[in-house]
Amino acid sequence: MTVEFYDLAQRLYAETSGKPVLKVAGALFGVSPQAIFVQAHQDGAHSAPVATVSTAGGSPVTAKGVRVLRALAAAGAQMDPAGDAVQVVIPDAATLAVLAGIARSHATHNDDAVRAASAVVGWWVDRAGYPGTGAVIELLAHSRQRYITGAIPSRERHASFWRAAFGVGESIAGLVGWAERISRGEMLAALTTIREDDTYTYRMAAQRFQKGWDWTRPEPPPVAAMGLRMRCDTADLWEAALLSDRLWRHRAVHTGHVTGGTVTHATRAFFTISAPRLDSRLRVGADVIGWIGGCDSYDRATVSHGHVHAAHAVNGALNLTIAGIPYAQRPNPGDWVTLMPAPPNERTVRMGRSRYRRLLFRGDSWIASGKTPGIRRRDVPLDVLCAAAETE
Amino acid sequence: MSESHSEALHGLAEQMLAGTGLTAADVTGGGNPAEGSAAQALQEGWEIAARAAKIQGA
């Protein structure tokens, strides 16, 4: 992998130009007009956490304890089963941890508004585990994902560094300015599915809240299992969204996610490329998309779907044989072809989830019932036996 | 970026490029380095950064 050298050169460029450099051209989030901006801190283990809550253009409220939840409720943190997801913008993960601590302490408060704000925080805590979510915007993480600076990597781990890099202050107004600065540009279209999940999960959480569910209690097993499935899907969608970006794709060549080579052989069923780089992450059986031309041709080329049929290292080059691409879209010997992992098919993702949901919530589901399934004997495929023997 | 950031970055560059025969100045080096080499990664990183800087609102 040569990504360390690629990043180093980008840092040197940022140092020369005196400003952060984009690693991802498309925006990774949009700031909702109803977004709630929060910064919080706790000075010591025994001191009460303090949070400042505001909306864009609103008056900031600084509070402690349950008053933080009242301020969040007043800013729009409510549970509405038919409403839109509530977005929170925070400087770093520490802020969410502070909010979560406060929300846990008042999850069963007798004031409905406080309890609802607590449940919204609980939903934010959950959504923060989904990359690409529009529910929780952690500006430090987004800054590091989208930009690179002329400093050493360890400096970029602090929110104060990025505030200085973007010329915004430490106040809540600075937080608003920081969010505006790093959300500029057109949002990556491939993130739409994750945003739809934000709305869906928010409404489900609101329904559970209305039924009196306490978010601090462990989730029922089928709900937890569904969450795991959605996290896996979201991680795949996020990776694909990044690869759809014209700048990130160039970087991905140096991590082995994007591979290019000259077509050496083509038949009606297959074609083979000879890639000068051996560090490709594409493996036999992997679903890929490919197009004629280099990284920059993606947006104007015909993109075809196929899979890696064979991979061999030959004379210092990687020969990848691709099958499954319609004959009419097959490249000719001598063409340069670029390949990268195929993005998840949204329809397949939705159908897979729907089937999984039906199985999980069925009366005879052993996950739903909480009972360990009984032992049943059946034939085990030979390759499973071999794999088990190899790990012994 | 401040002077201390710059010093630290050049220290990091020296450390990373040790043994490659390259220096930080090679980011703009001409020639046609081999695909997959450190020199090619350096040149491409610089070139794409220059392109990114031209994006509106960057």
# chains A, B, ... in the order shown; residues from 1 in each chain; ligands from 1
$ residues_around --residues "segment 8-19 of chain B" --least-positions-apart "6" --cutoff "10 Å" --atoms "only C-alpha atoms" --output "JSON, numbers by chain"
{"A": [4, 5, 8, 9, 11, 12, 15, 150, 151, 152, 153], "B": [38, 39]}
$ select_by_dssp --residues "segment 119-365 of chain A" --states "strand (DSSP E or B)" --output "NGL selection string"
:A and (136-138 or 147-148 or 187 or 259-266 or 270-275 or 287-292 or 304-314 or 317-323 or 336-341)
$ interface_residues --of "chain B" --to "chain A" --cutoff "6 Å" --atoms "only C-alpha atoms" --output "list of chain:residue names"
B:Met1, B:His5, B:Leu9, B:Gly36, B:Ala41, B:Leu42, B:Gly45, B:Trp46, B:Ala49, B:Ala52
$ write_last_selection --atoms "N, CA and C atoms" --output "mmCIF file, in the first residue's frame"
data_model
loop_
_atom_site.group_PDB
_atom_site.id
_atom_site.type_symbol
_atom_site.label_atom_id
_atom_site.label_comp_id
_atom_site.auth_asym_id
_atom_site.auth_seq_id
_atom_site.Cartn_x
_atom_site.Cartn_y
_atom_site.Cartn_z
ATOM 1 N N MET B 1 -0.568 27.313 8.529
ATOM 2 C CA MET B 1 -0.032 26.436 9.571
ATOM 3 C C MET B 1 1.183 27.091 10.246
ATOM 4 N N HIS B 5 4.147 23.357 13.444
ATOM 5 C CA HIS B 5 3.462 22.342 12.636
ATOM 6 C C HIS B 5 4.338 21.965 11.448
ATOM 7 N N LEU B 9 5.927 18.380 10.561
ATOM 8 C CA LEU B 9 5.554 17.706 9.306
ATOM 9 C C LEU B 9 6.797 17.311 8.517
ATOM 10 N N GLY B 36 2.711 2.165 -8.522
ATOM 11 C CA GLY B 36 2.803 1.456 -7.239
ATOM 12 C C GLY B 36 4.023 1.840 -6.426
ATOM 13 N N ALA B 41 3.190 7.612 -5.741
ATOM 14 C CA ALA B 41 2.164 7.968 -4.754
ATOM 15 C C ALA B 41 2.339 9.418 -4.299
ATOM 16 N N LEU B 42 3.594 9.821 -4.101
ATOM 17 C CA LEU B 42 3.876 11.209 -3.689
ATOM 18 C C LEU B 42 3.385 12.183 -4.759
ATOM 19 N N GLY B 45 -0.462 12.214 -4.955
ATOM 20 C CA GLY B 45 -1.055 12.886 -3.796
ATOM 21 C C GLY B 45 -1.004 14.392 -3.949
ATOM 22 N N TRP B 46 0.130 14.885 -4.404
ATOM 23 C CA TRP B 46 0.319 16.331 -4.607
ATOM 24 C C TRP B 46 -0.614 16.847 -5.721
ATOM 25 N N ALA B 49 -4.213 16.903 -4.663
ATOM 26 C CA ALA B 49 -4.422 17.991 -3.691
ATOM 27 C C ALA B 49 -4.544 19.325 -4.427
ATOM 28 N N ALA B 52 -7.895 19.389 -5.883
ATOM 29 C CA ALA B 52 -8.926 19.579 -4.844
ATOM 30 C C ALA B 52 -9.007 21.041 -4.413
#
$ select_by_dssp --residues "segment 22-205 of chain A" --states "alpha helix (DSSP H)" --output "NGL selection string"
:A and (66-75 or 93-105 or 112-127 or 139-146 or 159-166 or 172-182 or 192-205)
$ atom_distance --atom1 "atom CA of Ala82 of chain A" --atom2 "atom CA of Ala205 of chain A"
11.1 Å
$ closest_residue --among "A:Leu385, A:Val136, A:Ala286, A:Ile36" --to "Ala71 of chain A" --atoms "only C-alpha atoms"
A:Ile36
$ residues_around --residues "Gly132 of chain A" --least-positions-apart "6" --cutoff "7 Å" --atoms "only C-alpha atoms" --output "ChimeraX atom specification"
/A:28,191,194,238
$ atom_distance --atom1 "atom CA of Asp233 of chain A" --atom2 "atom CA of Thr199 of chain A"
16.0 Å
$ residues_around --residues "Ala85 of chain A" --least-positions-apart "5" --cutoff "8 Å" --atoms "only C-alpha atoms" --output "list in words"
Ala135, Asp198, Thr199, Tyr202 and Arg203 of chain A
$ atom_distance --atom1 "atom CA of Asp80 of chain A" --atom2 "atom CA of Tyr356 of chain A"
26.3 Å
$ residues_around --residues "His41 of chain A" --least-positions-apart "3" --cutoff "10 Å" --atoms "only C-alpha atoms" --output "MDAnalysis selection string"
chainID A and resid 44 47:52 94:99
$ write_last_selection --atoms "N, CA and C atoms" --output "short mmCIF file (atom, residue, chain, number, x, y, z; two decimals), in the first residue's frame"
data_model
loop_
_atom_site.label_atom_id
_atom_site.label_comp_id
_atom_site.auth_asym_id
_atom_site.auth_seq_id
_atom_site.Cartn_x
_atom_site.Cartn_y
_atom_site.Cartn_z
N GLY A 44 -14.39 17.22 35.82
CA GLY A 44 -13.80 16.14 36.61
C GLY A 44 -14.87 15.10 36.87
N SER A 47 -17.56 16.51 39.17
CA SER A 47 -18.27 17.75 38.85
C SER A 47 -19.42 17.46 37.89
N ALA A 48 -20.46 18.30 37.95
CA ALA A 48 -21.63 18.08 37.09
C ALA A 48 -21.29 18.50 35.67
N PRO A 49 -21.69 17.71 34.67
CA PRO A 49 -21.43 18.11 33.29
C PRO A 49 -22.22 19.35 32.90
N VAL A 50 -21.62 20.17 32.07
CA VAL A 50 -22.26 21.41 31.63
C VAL A 50 -22.41 21.33 30.11
N ALA A 51 -23.57 21.73 29.62
CA ALA A 51 -23.79 21.70 28.16
C ALA A 51 -24.38 23.02 27.70
N THR A 52 -23.98 23.43 26.50
CA THR A 52 -24.58 24.60 25.87
C THR A 52 -25.35 24.10 24.66
N ALA A 94 -16.84 13.09 22.77
CA ALA A 94 -16.93 13.33 24.22
C ALA A 94 -18.24 14.03 24.57
N THR A 95 -18.70 14.91 23.69
CA THR A 95 -19.94 15.64 23.94
C THR A 95 -21.11 14.67 24.02
N LEU A 96 -21.14 13.71 23.10
CA LEU A 96 -22.24 12.75 23.10
C LEU A 96 -22.20 11.88 24.36
N ALA A 97 -20.97 11.56 24.80
CA ALA A 97 -20.84 10.75 26.02
C ALA A 97 -21.40 11.51 27.23
N VAL A 98 -21.14 12.82 27.28
CA VAL A 98 -21.66 13.64 28.38
C VAL A 98 -23.19 13.68 28.31
N LEU A 99 -23.71 13.92 27.11
CA LEU A 99 -25.18 13.97 26.94
C LEU A 99 -25.81 12.63 27.33
#
$ residues_around --residues "Val303 of chain A" --least-positions-apart "4" --cutoff "10 Å" --atoms "only C-alpha atoms" --output "list in words"
Ile289, Gly290, Trp291, Ile292, Ser297, Tyr298, Asp299, Ile325, Gln329, Thr338 and Leu339 of chain A
